[in-house]
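K.L.:
Next comes work32.pdb, PDB, C-alpha atoms:
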ATOM      1  CA  MET W  94     -41.458  60.201 -87.355  1.00  0.00           C
ATOM      2  CA  LEU W  95     -42.375  56.506 -87.045  1.00  0.00           C
ATOM      3  CA  GLU W  96     -40.789  55.835 -90.379  1.00  0.00           C
ATOM      4  CA  THR W  97     -37.534  57.440 -89.216  1.00  0.00           C
ATOM      5  CA  ILE W  98     -37.552  55.379 -85.995  1.00  0.00           C
ATOM      6  CA  ASN W  99     -38.224  52.239 -88.036  1.00  0.00           C
ATOM      7  CA  THR W 100     -35.325  53.016 -90.382  1.00  0.00           C
ATOM      8  CA  ILE W 101     -32.973  53.702 -87.464  1.00  0.00           C
ATOM      9  CA  SER W 102     -33.975  50.474 -85.686  1.00  0.00           C
ATOM     10  CA  GLN W 103     -33.467  48.439 -88.877  1.00  0.00           C
ATOM     11  CA  THR W 104     -30.050  50.022 -89.367  1.00  0.00           C
ATOM     12  CA  ILE W 105     -29.097  49.221 -85.767  1.00  0.00           C
ATOM     13  CA  ALA W 106     -30.363  45.643 -86.155  1.00  0.00           C
ATOM     14  CA  ALA W 107     -28.419  45.155 -89.396  1.00  0.00           C
ATOM     15  CA  THR W 108     -25.275  46.588 -87.791  1.00  0.00           C
ATOM     16  CA  ALA W 109     -25.722  44.230 -84.811  1.00  0.00           C
ATOM     17  CA  VAL W 110     -25.987  41.250 -87.162  1.00  0.00           C
ATOM     18  CA  VAL W 111     -22.779  42.255 -88.958  1.00  0.00           C
ATOM     19  CA  VAL W 112     -20.940  42.766 -85.648  1.00  0.00           C
ATOM     20  CA  SER W 113     -22.209  39.372 -84.420  1.00  0.00           C
ATOM     21  CA  LEU W 114     -20.949  37.665 -87.583  1.00  0.00           C
ATOM     22  CA  ILE W 115     -17.533  39.288 -87.234  1.00  0.00           C
ATOM     23  CA  TYR W 116     -17.368  38.204 -83.569  1.00  0.00           C
ATOM     24  CA  LEU W 117     -18.375  34.661 -84.531  1.00  0.00           C
ATOM     25  CA  ALA W 118     -15.672  34.521 -87.211  1.00  0.00           C
ATOM     26  CA  ILE W 119     -13.040  35.671 -84.705  1.00  0.00           C
ATOM     27  CA  GLN W 120     -14.216  33.113 -82.137  1.00  0.00           C
ATOM     28  CA  THR W 121     -14.188  30.315 -84.719  1.00  0.00           C
ATOM     29  CA  ARG W 122     -10.648  31.193 -85.770  1.00  0.00           C
ATOM     30  CA  GLN W 123      -9.425  31.305 -82.170  1.00  0.00           C
ATOM     31  CA  THR W 124     -11.081  27.959 -81.427  1.00  0.00           C
ATOM     32  CA  ALA W 125      -9.434  26.367 -84.461  1.00  0.00           C
ATOM     33  CA  GLN W 126      -6.025  27.718 -83.385  1.00  0.00           C
ATOM     34  CA  SER W 127      -6.575  26.426 -79.868  1.00  0.00           C
ATOM     35  CA  GLN W 128      -7.531  22.972 -81.155  1.00  0.00           C
ATOM     36  CA  ARG W 129      -4.438  22.834 -83.359  1.00  0.00           C
ATOM     37  CA  ALA W 130      -2.260  23.800 -80.400  1.00  0.00           C
ATOM     38  CA  MET W 131      -3.847  21.061 -78.274  1.00  0.00           C
ATOM     39  CA  MET W 132      -3.319  18.504 -81.034  1.00  0.00           C
ATOM     40  CA  GLN W 133       0.334  19.526 -81.358  1.00  0.00           C
ATOM     41  CA  ALA W 134       0.805  19.215 -77.595  1.00  0.00           C
ATOM     42  CA  ASN W 135      -0.810  15.764 -77.663  1.00  0.00           C
ATOM     43  CA  ARG W 136       1.442  14.707 -80.542  1.00  0.00           C
ATOM     44  CA  ALA W 137       4.514  15.884 -78.659  1.00  0.00           C
ATOM     45  CA  ALA W 138       3.396  14.057 -75.508  1.00  0.00           C
ATOM     46  CA  ALA W 139       2.756  10.830 -77.440  1.00  0.00           C
ATOM     47  CA  ILE W 140       6.171  11.010 -79.101  1.00  0.00           C
ATOM     48  CA  GLY W 141       7.801  11.754 -75.750  1.00  0.00           C
ATOM     49  CA  ASN W 142       6.058   8.785 -74.143  1.00  0.00           C
ATOM     50  CA  MET W 143       7.195   6.457 -76.911  1.00  0.00           C
ATOM     51  CA  LEU W 144      10.772   7.693 -76.629  1.00  0.00           C
ATOM     52  CA  MET W 145      10.680   7.258 -72.859  1.00  0.00           C
ATOM     53  CA  THR W 146       9.371   3.711 -73.292  1.00  0.00           C
ATOM     54  CA  ALA W 147      12.077   2.857 -75.824  1.00  0.00           C
ATOM     55  CA  GLY W 148      14.722   4.258 -73.476  1.00  0.00           C
ATOM     56  CA  ASP W 149      13.381   2.543 -70.367  1.00  0.00           C
ATOM     57  CA  PRO W 150      16.076   0.134 -69.104  1.00  0.00           C
ATOM     58  CA  ALA W 151      13.432  -2.565 -68.630  1.00  0.00           C
ATOM     59  CA  PHE W 152      12.449  -2.345 -72.305  1.00  0.00           C
ATOM     60  CA  SER W 153      15.503  -1.038 -74.145  1.00  0.00           C
ATOM     61  CA  ALA W 154      17.101  -4.453 -74.789  1.00  0.00           C
ATOM     62  CA  THR W 155      13.757  -5.698 -76.151  1.00  0.00           C
ATOM     63  CA  PHE W 156      13.492  -2.563 -78.292  1.00  0.00           C
ATOM     64  CA  VAL W 157      16.975  -2.990 -79.773  1.00  0.00           C
ATOM     65  CA  ALA W 158      16.433  -6.700 -80.457  1.00  0.00           C
ATOM     66  CA  GLY W 159      12.980  -6.027 -81.920  1.00  0.00           C
ATOM     67  CA  CYS W 160      14.217  -3.294 -84.239  1.00  0.00           C
ATOM     68  CA  ALA W 161      16.871  -5.676 -85.519  1.00  0.00           C
ATOM     69  CA  ALA W 162      14.272  -8.459 -85.868  1.00  0.00           C
ATOM     70  CA  SER W 163      16.498 -10.680 -83.783  1.00  0.00           C
ATOM     71  CA  PRO W 164      15.575 -14.371 -84.050  1.00  0.00           C
ATOM     72  CA  ASN W 165      16.813 -14.840 -80.469  1.00  0.00           C
ATOM     73  CA  MET W 166      13.909 -12.950 -78.848  1.00  0.00           C
ATOM     74  CA  ASP W 167      11.663 -14.938 -76.551  1.00  0.00           C
ATOM     75  CA  ILE W 168       7.900 -14.861 -77.177  1.00  0.00           C
ATOM     76  CA  THR W 169       7.228 -12.341 -74.401  1.00  0.00           C
ATOM     77  CA  ALA W 170       9.817  -9.879 -75.694  1.00  0.00           C
ATOM     78  CA  ALA W 171       8.591 -10.340 -79.268  1.00  0.00           C
ATOM     79  CA  ARG W 172       5.015  -9.581 -78.197  1.00  0.00           C
ATOM     80  CA  GLN W 173       6.117  -6.549 -76.198  1.00  0.00           C
ATOM     81  CA  PHE W 174       8.007  -5.184 -79.176  1.00  0.00           C
ATOM     82  CA  ALA W 175       5.114  -5.931 -81.544  1.00  0.00           C
ATOM     83  CA  ALA W 176       2.676  -4.063 -79.268  1.00  0.00           C
ATOM     84  CA  TYR W 177       5.043  -1.100 -79.049  1.00  0.00           C
ATOM     85  CA  SER W 178       5.579  -1.105 -82.801  1.00  0.00           C
ATOM     86  CA  ARG W 179       1.819  -1.296 -83.508  1.00  0.00           C
ATOM     87  CA  ALA W 180       1.256   1.651 -81.179  1.00  0.00           C
ATOM     88  CA  GLN W 181       3.759   3.644 -83.234  1.00  0.00           C
ATOM     89  CA  ILE W 182       2.066   2.570 -86.471  1.00  0.00           C
ATOM     90  CA  ASN W 183      -1.320   3.655 -85.116  1.00  0.00           C
ATOM     91  CA  SER W 184       0.151   6.981 -84.022  1.00  0.00           C
ATOM     92  CA  LEU W 185       1.673   7.575 -87.454  1.00  0.00           C
ATOM     93  CA  HIS W 186      -1.621   6.658 -89.113  1.00  0.00           C
ATOM     94  CA  GLU W 187      -3.428   9.240 -86.977  1.00  0.00           C
ATOM     95  CA  ARG W 188      -0.861  11.844 -88.018  1.00  0.00           C
ATOM     96  CA  PHE W 189      -1.508  10.973 -91.655  1.00  0.00           C
ATOM     97  CA  LEU W 190      -5.254  11.410 -91.162  1.00  0.00           C
ATOM     98  CA  GLU W 191      -4.691  14.738 -89.392  1.00  0.00           C
ATOM     99  CA  SER W 192      -2.520  15.925 -92.260  1.00  0.00           C
ATOM    100  CA  ARG W 193      -5.011  14.807 -94.876  1.00  0.00           C
ATOM    101  CA  GLY W 194      -7.784  16.554 -92.941  1.00  0.00           C
ATOM    102  CA  GLY W 195      -5.845  19.832 -92.946  1.00  0.00           C
ATOM    103  CA  LEU W 196      -5.197  19.687 -89.188  1.00  0.00           C
ATOM    104  CA  MET W 197      -1.413  19.535 -89.480  1.00  0.00           C
ATOM    105  CA  ASP W 198       0.803  22.032 -91.250  1.00  0.00           C
ATOM    106  CA  GLU W 199       3.209  20.943 -93.970  1.00  0.00           C
ATOM    107  CA  GLN W 200       6.350  21.274 -91.823  1.00  0.00           C
ATOM    108  CA  ARG W 201       4.981  18.934 -89.148  1.00  0.00           C
ATOM    109  CA  TRP W 202       3.820  16.471 -91.800  1.00  0.00           C
ATOM    110  CA  ARG W 203       7.286  16.558 -93.394  1.00  0.00           C
ATOM    111  CA  MET W 204       8.838  15.744 -89.988  1.00  0.00           C
ATOM    112  CA  THR W 205       6.309  12.934 -89.516  1.00  0.00           C
ATOM    113  CA  ARG W 206       7.237  11.471 -92.905  1.00  0.00           C
ATOM    114  CA  MET W 207      10.901  11.590 -91.918  1.00  0.00           C
ATOM    115  CA  GLY W 208      10.023   9.790 -88.688  1.00  0.00           C
ATOM    116  CA  LEU W 209       8.085   7.189 -90.658  1.00  0.00           C
ATOM    117  CA  ALA W 210      11.076   6.617 -92.937  1.00  0.00           C
ATOM    118  CA  GLY W 211      13.295   6.119 -89.901  1.00  0.00           C
ATOM    119  CA  PHE W 212      10.723   3.839 -88.314  1.00  0.00           C
ATOM    120  CA  LEU W 213      10.454   1.668 -91.404  1.00  0.00           C
ATOM    121  CA  SER W 214      14.235   1.463 -91.759  1.00  0.00           C
ATOM    122  CA  ALA W 215      14.256  -1.029 -88.856  1.00  0.00           C
ATOM    123  CA  PRO W 216      13.566  -4.613 -90.007  1.00  0.00           C
ATOM    124  CA  GLY W 217      11.521  -5.371 -86.892  1.00  0.00           C
ATOM    125  CA  HIS W 218       9.170  -2.435 -87.486  1.00  0.00           C
ATOM    126  CA  ARG W 219       8.777  -3.382 -91.134  1.00  0.00           C
ATOM    127  CA  ALA W 220       7.846  -6.916 -90.091  1.00  0.00           C
ATOM    128  CA  THR W 221       5.264  -5.563 -87.654  1.00  0.00           C
ATOM    129  CA  PHE W 222       3.931  -3.159 -90.272  1.00  0.00           C
ATOM    130  CA  LYS W 223       3.223  -5.997 -92.713  1.00  0.00           C
TER
END
Any chance you could give the structure as structure tokens?

P.N.:
Amino acid sequence: MLETINTISQTIAATAVVVSLIYLAIQTRQTAQSQRAMMQANRAAAIGNMLMTAGDPAFSATFVAGCAASPNMDITAARQFAAYSRAQINSLHERFLESRGGLMDEQRWRMTRMGLAGFLSAPGHRATFK
């Protein structure tokens, strides 16, 4: 009788361990999906903020002149553009690290590479990048 109770309790304990492991795997997967979604939302917000800054009437003339690497920019405008450009470079570098770490899917990384190519097509950004 005691042996039967012992066998039943061991079976129940083993089943509980298996169920706990399955639950943990599901929770880990959901957490990873949630973190990816948060990272994607943060990326979209950062890109939106940069686009809003570039389109801001107070900055847009500086942005256009900076992209063209205009020699007619005053020192303040040149520094503003350089800071903006460095922020974009840092953002793109973070995206690269996320991709390399497996935190970004291939489609998003492909779009980021296209954005980088567009970014580096502007002489002012290339000058800042160097």

K.L.:
Please tabulate, as a Markdown table, the residues of region 107-168 of chain W that come within 12 Å of region 190-197 of chain W, each with its closest pair of atoms and the distance in Å to one decimal, counting only C-alpha atoms and ordering rows by chain, then residue number upward.

P.N.:
| residue | atom | partner | partner_atom | distance |
| --- | --- | --- | --- | --- |
| W:Ala125 | CA | W:Leu196 | CA | 9.2 |
| W:Gln126 | CA | W:Leu196 | CA | 9.9 |
| W:Ser127 | CA | W:Leu196 | CA | 11.6 |
| W:Gln128 | CA | W:Leu196 | CA | 9.0 |
| W:Arg129 | CA | W:Leu196 | CA | 6.7 |
| W:Ala130 | CA | W:Met197 | CA | 10.1 |
| W:Met131 | CA | W:Leu196 | CA | 11.1 |
| W:Met132 | CA | W:Leu196 | CA | 8.5 |
| W:Gln133 | CA | W:Met197 | CA | 8.3 |
| W:Arg136 | CA | W:Met197 | CA | 10.6 |

K.L.:
Please measure the separation of CA of Trp202 (chain W) and CA of Phe189 (chain W), giving the value in Å to one decimal.

P.N.:
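Answer for the CA of Trp202 (chain W) to CA of Phe189 (chain W) separation: 7.7 Å.
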
K.L.:
Residues proximal to (0.6, 9.8, -86.9) were defined as those with any atom within 10 Å of that point in the file's coordinates, counting all atoms listed in the file. Which are they, as number ranges by chain?

P.N.:
W: 136, 139-140, 180-192, 202, 205-206, 208-209

K.L.:
Which value, in Å to one decimal, gives the distance between CA of Met166 (chain W) and CA of Ser153 (chain W)?

P.N.:
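CA of Ser153 (chain W) lies at a distance of 12.9 Å from CA of Met166 (chain W).
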
K.L.:
For this file, the PyMOL selection byres ((chain W and resi 217) around 10) selects which residues, as a ChimeraX atom specification?

P.N.:
/W:156-163,171,174-175,178,212-216,218-222

K.L.:
With distances taken over only C-alpha atoms, which of W:Ala106, W:Leu144, W:Val111, W:Ala118 is nearest to Tyr177 (chain W)?

P.N.:
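With only C-alpha atoms as the atom set, the closest residue is W:Leu144.
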
K.L.:
Distance CA of Arg172 (chain W)-CA of Ala138 (chain W), one decimal place?

P.N.:
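A separation of 23.8 Å between them.
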